[in-house]
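Visitor: For reference, the file structure-v9.txt (compact mmCIF, C-alpha atoms and all ligand atoms) is included below:
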# COMPACT_ATOMS: atom_id res chain seq x y z
CA MET A 1 27.43 -5.04 -10.19
CA THR A 2 25.95 -8.53 -10.07
CA ASP A 3 23.75 -9.90 -12.84
CA GLU A 4 20.85 -9.75 -10.43
CA GLY A 5 21.53 -6.06 -9.78
CA LEU A 6 21.65 -5.35 -13.49
CA ASP A 7 18.35 -7.11 -14.12
CA ARG A 8 16.66 -5.22 -11.35
CA ASP A 9 17.96 -1.88 -12.60
CA THR A 10 16.75 -2.51 -16.11
CA VAL A 11 13.32 -3.80 -15.03
CA MET A 12 12.42 -1.35 -12.22
CA ALA A 13 10.71 1.84 -13.29
CA ASP A 14 12.21 5.07 -12.02
CA TYR A 15 9.91 6.28 -9.28
CA SER A 16 12.37 8.80 -7.83
CA LYS A 17 10.80 11.76 -9.61
CA LEU A 18 7.47 11.05 -7.90
CA LYS A 19 6.31 12.26 -4.51
CA VAL A 20 3.39 10.22 -3.26
CA GLY A 21 1.42 11.22 -0.18
CA VAL A 22 -0.26 8.87 2.26
CA LEU A 23 -3.17 10.23 4.29
CA ALA A 24 -1.75 9.85 7.78
CA LEU A 25 -4.61 10.67 10.14
CA GLN A 26 -5.21 7.09 11.25
CA GLY A 27 -4.74 3.50 10.07
CA ASP A 28 -1.85 1.67 8.44
CA PHE A 29 -0.23 4.56 6.59
CA LYS A 30 3.28 3.53 7.73
CA ARG A 31 3.20 0.32 5.68
CA HIS A 32 2.43 2.33 2.56
CA THR A 33 5.17 4.92 3.10
CA HIS A 34 7.57 2.05 3.75
CA GLN A 35 6.69 0.36 0.46
CA LEU A 36 6.87 3.62 -1.48
CA GLY A 37 10.35 4.14 -0.04
CA GLN A 38 11.33 0.60 -1.08
CA LEU A 39 10.39 1.43 -4.66
CA GLY A 40 12.51 4.59 -4.56
CA SER A 41 9.62 7.07 -4.56
CA ARG A 42 9.63 10.15 -2.34
CA THR A 43 6.75 10.16 0.13
CA LEU A 44 4.92 12.49 2.47
CA GLU A 45 2.60 11.78 5.38
CA VAL A 46 -0.37 14.02 4.62
CA ARG A 47 -2.06 15.79 7.54
CA THR A 48 -2.72 19.29 6.23
CA ALA A 49 -4.17 20.88 3.12
CA SER A 50 -0.79 22.38 2.25
CA HIS A 51 0.75 18.88 2.14
CA LEU A 52 -1.60 18.10 -0.74
CA GLU A 53 0.03 20.86 -2.79
CA GLU A 54 3.38 19.06 -2.63
CA ILE A 55 2.40 15.63 -3.95
CA ASP A 56 1.75 13.94 -7.30
CA GLY A 57 -0.67 11.34 -5.97
CA LEU A 58 -2.24 10.07 -2.76
CA ILE A 59 -2.96 6.80 -1.00
CA ILE A 60 -5.86 6.70 1.46
CA PRO A 61 -4.99 3.72 3.68
CA GLY A 62 -7.03 1.13 5.49
CA GLY A 63 -8.05 1.75 9.06
CA GLU A 64 -11.41 2.69 10.47
CA SER A 65 -13.64 4.80 8.24
CA THR A 66 -15.72 6.13 11.16
CA THR A 67 -12.58 7.60 12.75
CA MET A 68 -11.13 8.77 9.44
CA ASP A 69 -14.39 10.56 8.67
CA ILE A 70 -14.20 12.53 11.94
CA LEU A 71 -10.49 13.32 11.56
CA ILE A 72 -10.87 14.52 7.96
CA ASP A 73 -13.17 17.26 9.29
CA ARG A 74 -11.06 17.95 12.37
CA PHE A 75 -7.97 18.48 10.18
CA ARG A 76 -10.06 20.60 7.74
CA LEU A 77 -9.23 18.25 4.91
CA ARG A 78 -12.64 17.43 3.42
CA GLN A 79 -12.82 20.07 0.69
CA PRO A 80 -9.07 20.04 -0.09
CA LEU A 81 -9.20 16.23 -0.43
CA ILE A 82 -12.22 16.41 -2.75
CA GLU A 83 -10.46 18.98 -4.93
CA PHE A 84 -7.22 16.97 -4.99
CA CYS A 85 -8.97 13.72 -5.90
CA GLN A 86 -10.68 15.40 -8.85
CA ILE A 87 -7.37 16.13 -10.57
CA LYS A 88 -4.66 13.81 -9.21
CA PRO A 89 -4.25 10.01 -8.91
CA VAL A 90 -5.58 8.45 -5.72
CA TRP A 91 -5.68 4.88 -4.45
CA GLY A 92 -8.03 4.02 -1.59
CA THR A 93 -7.55 0.69 0.17
CA CYS A 94 -10.24 -0.78 2.39
CA ALA A 95 -11.37 2.09 4.68
CA GLY A 96 -9.84 4.35 2.00
CA MET A 97 -12.18 2.80 -0.54
CA ILE A 98 -15.14 3.44 1.77
CA MET A 99 -14.16 7.10 1.97
CA LEU A 100 -13.96 7.40 -1.84
CA ALA A 101 -17.36 5.77 -2.48
CA LYS A 102 -20.49 7.60 -3.53
CA ASN A 103 -22.71 5.66 -1.12
CA ILE A 104 -22.39 3.45 1.93
CA GLU A 105 -25.25 0.96 2.17
CA ASP A 106 -26.84 0.42 5.55
CA ASN A 107 -24.77 3.33 6.88
CA GLN A 108 -25.57 2.91 10.58
CA ALA A 109 -22.45 4.72 11.77
CA ASN A 110 -23.35 7.68 9.58
CA VAL A 111 -19.98 7.92 7.84
CA SER A 112 -19.93 10.72 5.22
CA PRO A 113 -17.97 9.43 2.26
CA LEU A 114 -16.18 11.87 -0.06
CA GLY A 115 -18.39 10.64 -2.93
CA LEU A 116 -15.63 10.68 -5.56
CA MET A 117 -16.11 7.29 -7.15
CA ASP A 118 -19.38 5.98 -8.56
CA ILE A 119 -19.56 2.86 -6.39
CA ASP A 120 -21.69 1.74 -3.45
CA VAL A 121 -20.08 -0.28 -0.67
CA VAL A 122 -21.13 -2.20 2.42
CA ARG A 123 -18.71 -1.78 5.31
CA THR A 124 -17.41 -5.07 6.66
CA GLY A 125 -19.13 -6.84 3.75
CA TYR A 126 -16.70 -9.77 3.99
CA GLY A 127 -17.33 -10.32 7.69
CA ARG A 128 -15.90 -9.13 10.97
CA GLN A 129 -12.34 -9.32 12.29
CA VAL A 130 -12.52 -13.07 12.98
CA HIS A 131 -13.47 -13.63 9.34
CA SER A 132 -10.44 -11.75 8.03
CA PHE A 133 -8.54 -13.83 5.51
CA GLU A 134 -5.60 -13.92 3.16
CA GLN A 135 -6.15 -14.86 -0.43
CA LEU A 136 -3.80 -15.30 -3.36
CA LEU A 137 -5.55 -13.51 -6.21
CA MET A 138 -4.38 -14.89 -9.55
CA THR A 139 -5.49 -12.52 -12.22
CA LYS A 140 -4.55 -10.39 -15.18
CA LEU A 141 -3.70 -6.72 -14.88
CA ASN A 142 -2.71 -4.78 -17.98
CA GLY A 143 -2.85 -8.07 -19.89
CA GLU A 144 -0.16 -9.59 -17.63
CA ASP A 145 -0.67 -12.61 -15.39
CA ILE A 146 -0.06 -11.61 -11.80
CA THR A 147 -0.54 -13.04 -8.33
CA LEU A 148 -1.46 -10.73 -5.47
CA ARG A 149 -1.12 -11.57 -1.81
CA ALA A 150 -4.39 -9.97 -0.73
CA THR A 151 -5.56 -9.57 2.86
CA PHE A 152 -9.22 -8.84 3.58
CA ILE A 153 -9.64 -7.31 7.05
CA ARG A 154 -13.21 -6.32 7.88
CA ALA A 155 -13.19 -5.47 4.20
CA PRO A 156 -15.84 -3.43 2.39
CA MET A 157 -17.82 -5.15 -0.37
CA ILE A 158 -18.66 -3.28 -3.56
CA THR A 159 -22.38 -3.69 -4.26
CA ARG A 160 -22.81 -1.35 -7.23
CA VAL A 161 -20.50 0.10 -9.86
CA GLY A 162 -21.46 2.98 -12.14
CA LYS A 163 -21.04 2.82 -15.93
CA SER A 164 -17.80 4.78 -15.91
CA VAL A 165 -16.18 2.46 -13.37
CA GLN A 166 -13.77 -0.16 -14.67
CA ILE A 167 -13.67 -3.48 -12.82
CA LEU A 168 -10.02 -4.57 -12.72
CA ILE A 169 -10.28 -7.64 -10.46
CA GLU A 170 -13.22 -9.71 -9.23
CA TYR A 171 -13.22 -12.20 -6.40
CA ASN A 172 -16.12 -14.59 -5.75
CA GLY A 173 -18.32 -12.68 -8.19
CA SER A 174 -17.77 -9.22 -6.66
CA PRO A 175 -15.44 -6.48 -7.86
CA VAL A 176 -12.51 -6.03 -5.46
CA LEU A 177 -10.31 -3.68 -7.50
CA VAL A 178 -11.91 -0.88 -9.51
CA SER A 179 -10.89 2.37 -11.17
CA GLU A 180 -12.63 5.45 -12.48
CA GLY A 181 -10.57 8.18 -14.12
CA LEU A 182 -7.50 8.67 -11.94
CA ILE A 183 -9.00 6.97 -8.90
CA MET A 184 -8.34 3.35 -7.97
CA ALA A 185 -9.90 1.49 -5.03
CA SER A 186 -9.33 -1.96 -3.54
CA SER A 187 -11.33 -3.87 -0.93
CA PHE A 188 -8.16 -5.61 0.21
CA HIS A 189 -4.65 -4.83 1.44
CA THR A 190 -1.40 -5.90 -0.22
CA GLU A 191 0.96 -3.71 1.79
CA LEU A 192 0.76 -5.98 4.85
CA ASP A 193 2.48 -8.84 3.02
CA ASN A 194 5.11 -6.64 1.49
CA ASP A 195 3.70 -7.29 -1.96
CA THR A 196 4.44 -4.21 -4.11
CA THR A 197 2.77 -5.52 -7.29
CA LEU A 198 -0.38 -3.44 -6.96
CA LEU A 199 1.50 -0.37 -5.79
CA GLU A 200 3.71 -0.62 -8.90
CA PHE A 201 0.60 -0.98 -11.05
CA PHE A 202 -0.91 2.15 -9.45
CA MET A 203 2.31 4.13 -9.89
CA GLY A 204 2.80 3.02 -13.49
CA ARG A 205 -0.73 3.42 -14.73
CA PHE A 206 -1.85 6.49 -12.85
CA LEU A 207 1.28 8.41 -11.82
CA LEU A 208 4.16 7.84 -14.25
CA SER A 209 1.73 8.28 -17.14
CA GLN A 210 0.98 11.81 -15.87
CA LYS A 211 4.62 12.91 -15.72
N1 LIG B 301 -14.31 -2.06 8.21
C1 LIG B 301 -13.41 -0.94 8.29
C2 LIG B 301 -14.17 0.36 8.18
O1 LIG B 301 -15.35 0.38 8.03
C3 LIG B 301 -12.35 -1.01 7.22
C4 LIG B 301 -11.33 -2.05 7.55
C5 LIG B 301 -9.98 -1.83 6.93
O2 LIG B 301 -9.64 -0.75 6.48
N2 LIG B 301 -9.16 -2.86 6.99
O3 LIG B 301 -13.58 1.38 8.22
For the structure just supplied, provide its representation as structure tokens.
Guide:
Amino acid sequence: MTDEGLDRDTVMADYSKLKVGVLALQGDFKRHTHQLGQLGSRTLEVRTASHLEEIDGLIIPGGESTTMDILIDRFRLRQPLIEFCQIKPVWGTCAGMIMLAKNIEDNQANVSPLGLMDIDVVRTGYGRQVHSFEQLLMTKLNGEDITLRATFIRAPMITRVGKSVQILIEYNGSPVLVSEGLIMASSFHTELDNDTTLLEFFMGRFLLSQK
């Protein structure tokens, strides 16, 4: 084994005992399952209520919240998802964050969020597709300096956080990564740039700690 191999083995957490689901109704769920596989975790594309019984945690991916909202009902997942998110770790990215929110401001498309996290969001708060941007976020997580390759694509902006919500990262004066209990939500994507930093943070803080 090379020195590099040794270092990696000693540094990498063991994710193999975890099975992490990715809600796979719509959106960029494949990027998340790919990254989970890269880290050595088992994964499951979640499309039915019984899939939720098999997993230790869930990622709700980015995509289009209006479509996700309709499909959650069509696949009879609304109540099972609400019950799952009350007891197991969940990370919502972008449209996933919209679905986790308590309220959507100026909700013209009439999306019904799951209401699991005490935040309000504005859909596309960072501008439309042409205003999508990549941003290196240099910050501290868990007391460690980290750099995230964050992509904001028609990203939701958090406009209110409840008292029990922890702001983990701010960008331009607004929270962009928040947590409450076992739920984490980000306005931005990191899976598109193959940056696993935030995924490892989610797995370490919310999933491995439960095992
Ligand atoms: N603006 C989209 C929505 O409202 C979210 C975009 C994304 O997930 N990248 O669903």
Visitor: Can you pull out every residue within 9 Å of A:Met184, counting all atoms listed in the file, but drop anything in the same chain fewer than 3 positions away, and send it as a PyMOL selection string?
Guide: chain A and resi 89-93+97+117+177-181+202+206
Visitor: In Å, rounded to a single decimal, give me how far atom CA of A:Asn110 is from atom CA of A:Ser186.
Guide: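 Computed distance, atom CA of A:Ser186 to atom CA of A:Asn110, equals 21.5 Å.
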Visitor: Which of these, A:Arg205, A:Lys163, A:His34, A:Arg154, has the shortest distance to ligand LIG 301 (chain B) once you count all atoms listed in the file?
Guide: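 Among A:Arg205, A:Lys163, A:His34, A:Arg154, it is A:Arg154 that comes nearest to ligand LIG 301 (chain B).
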Visitor: Residues contacting ligand LIG 301 (chain B) - anything with an atom at most 10 Å away, using all atoms listed in the file - can you give me those as a ChimeraX atom specification?
Guide: /A:27-28,60-69,92-99,104,107,109,111,121-129,132,151-157,187-189
Visitor: Export, as a PDB file, keeping the file's coordinate frame, the selected residues with C-alpha atoms.
Guide:
ATOM      1  CA  GLY A  27      -4.740   3.500  10.070  1.00  0.00           C
ATOM      2  CA  ASP A  28      -1.850   1.670   8.440  1.00  0.00           C
ATOM      3  CA  ILE A  60      -5.860   6.700   1.460  1.00  0.00           C
ATOM      4  CA  PRO A  61      -4.990   3.720   3.680  1.00  0.00           C
ATOM      5  CA  GLY A  62      -7.030   1.130   5.490  1.00  0.00           C
ATOM      6  CA  GLY A  63      -8.050   1.750   9.060  1.00  0.00           C
ATOM      7  CA  GLU A  64     -11.410   2.690  10.470  1.00  0.00           C
ATOM      8  CA  SER A  65     -13.640   4.800   8.240  1.00  0.00           C
ATOM      9  CA  THR A  66     -15.720   6.130  11.160  1.00  0.00           C
ATOM     10  CA  THR A  67     -12.580   7.600  12.750  1.00  0.00           C
ATOM     11  CA  MET A  68     -11.130   8.770   9.440  1.00  0.00           C
ATOM     12  CA  ASP A  69     -14.390  10.560   8.670  1.00  0.00           C
ATOM     13  CA  GLY A  92      -8.030   4.020  -1.590  1.00  0.00           C
ATOM     14  CA  THR A  93      -7.550   0.690   0.170  1.00  0.00           C
ATOM     15  CA  CYS A  94     -10.240  -0.780   2.390  1.00  0.00           C
ATOM     16  CA  ALA A  95     -11.370   2.090   4.680  1.00  0.00           C
ATOM     17  CA  GLY A  96      -9.840   4.350   2.000  1.00  0.00           C
ATOM     18  CA  MET A  97     -12.180   2.800  -0.540  1.00  0.00           C
ATOM     19  CA  ILE A  98     -15.140   3.440   1.770  1.00  0.00           C
ATOM     20  CA  MET A  99     -14.160   7.100   1.970  1.00  0.00           C
ATOM     21  CA  ILE A 104     -22.390   3.450   1.930  1.00  0.00           C
ATOM     22  CA  ASN A 107     -24.770   3.330   6.880  1.00  0.00           C
ATOM     23  CA  ALA A 109     -22.450   4.720  11.770  1.00  0.00           C
ATOM     24  CA  VAL A 111     -19.980   7.920   7.840  1.00  0.00           C
ATOM     25  CA  VAL A 121     -20.080  -0.280  -0.670  1.00  0.00           C
ATOM     26  CA  VAL A 122     -21.130  -2.200   2.420  1.00  0.00           C
ATOM     27  CA  ARG A 123     -18.710  -1.780   5.310  1.00  0.00           C
ATOM     28  CA  THR A 124     -17.410  -5.070   6.660  1.00  0.00           C
ATOM     29  CA  GLY A 125     -19.130  -6.840   3.750  1.00  0.00           C
ATOM     30  CA  TYR A 126     -16.700  -9.770   3.990  1.00  0.00           C
ATOM     31  CA  GLY A 127     -17.330 -10.320   7.690  1.00  0.00           C
ATOM     32  CA  ARG A 128     -15.900  -9.130  10.970  1.00  0.00           C
ATOM     33  CA  GLN A 129     -12.340  -9.320  12.290  1.00  0.00           C
ATOM     34  CA  SER A 132     -10.440 -11.750   8.030  1.00  0.00           C
ATOM     35  CA  THR A 151      -5.560  -9.570   2.860  1.00  0.00           C
ATOM     36  CA  PHE A 152      -9.220  -8.840   3.580  1.00  0.00           C
ATOM     37  CA  ILE A 153      -9.640  -7.310   7.050  1.00  0.00           C
ATOM     38  CA  ARG A 154     -13.210  -6.320   7.880  1.00  0.00           C
ATOM     39  CA  ALA A 155     -13.190  -5.470   4.200  1.00  0.00           C
ATOM     40  CA  PRO A 156     -15.840  -3.430   2.390  1.00  0.00           C
ATOM     41  CA  MET A 157     -17.820  -5.150  -0.370  1.00  0.00           C
ATOM     42  CA  SER A 187     -11.330  -3.870  -0.930  1.00  0.00           C
ATOM     43  CA  PHE A 188      -8.160  -5.610   0.210  1.00  0.00           C
ATOM     44  CA  HIS A 189      -4.650  -4.830   1.440  1.00  0.00           C
TER      45      HIS A 189
END
Visitor: Just want the 9 Å neighbourhood of A:Gln79, counted on all atoms listed in the file, with same-chain residues fewer than 4 positions away dropped. Output as a VMD selection string.
Guide: chain A and resid 83 to 84 114
Visitor: Counting all atoms listed in the file, which residues of stretch 62-139 of chain A fall within 8 Å of stretch 44-51 of chain A, and what is the closest atom pair for each with its distance in Å at one decimal, ordered by chain and rising number, as a Markdown table?
Guide:
| residue | atom | partner | partner_atom | distance |
| --- | --- | --- | --- | --- |
| A:Phe75 | CA | A:Thr48 | CA | 6.6 |
| A:Arg76 | CA | A:Ala49 | CA | 7.5 |
| A:Leu77 | CA | A:Ala49 | CA | 6.0 |
| A:Pro80 | CA | A:Ala49 | CA | 5.9 |
| A:Leu81 | CA | A:Ala49 | CA | 7.7 |
Visitor: Can you measure atom CA of A:Val20 to atom CA of A:Gly204 for me? One decimal in Å is fine.
Guide: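 Value for the atom CA of A:Val20-atom CA of A:Gly204 distance: 12.5 Å.
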Visitor: Distance atom CA of A:Asp56-atom CA of A:Met12, one decimal place?
Guide: 19.3 Å
Visitor: Could you tell me which of A:Met203, A:Gln135, A:Gln166, A:Leu192 comes closest to A:Leu36 if we count all atoms listed in the file?
Guide: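 Of A:Met203, A:Gln135, A:Gln166, A:Leu192, the one nearest A:Leu36 is A:Met203, counting all atoms listed in the file.
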Visitor: Ranking A:Leu58, A:Ile82, A:Gln108, A:Ile72 by minimum distance to A:Gln26 and counting only C-alpha atoms, which one comes first?
Guide: A:Ile72
Visitor: In the coordinate frame of the file, compute which residues have an atom within 8 Å of (-3.8, -12.3, -4.8) when using all atoms listed in the file, and state them as a list in words.
Guide: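 Collected hits near the coordinates: Gln135, Leu136, Leu137, Met138, Thr139, Ile146, Thr147, Leu148, Arg149 and Ala150 of chain A.
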Visitor: A:Leu199, A:Leu141, A:Cys85, A:Val22: which is nearest A:Leu168, counting all atoms listed in the file?
Guide: A:Leu141
Visitor: My list of candidates is A:Asn103, A:Lys19, A:Ser164, A:Lys30. Which is closest to A:Glu53 when distances are computed with all atoms listed in the file?
Guide: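 For A:Glu53, the nearest of the candidates is A:Lys19.
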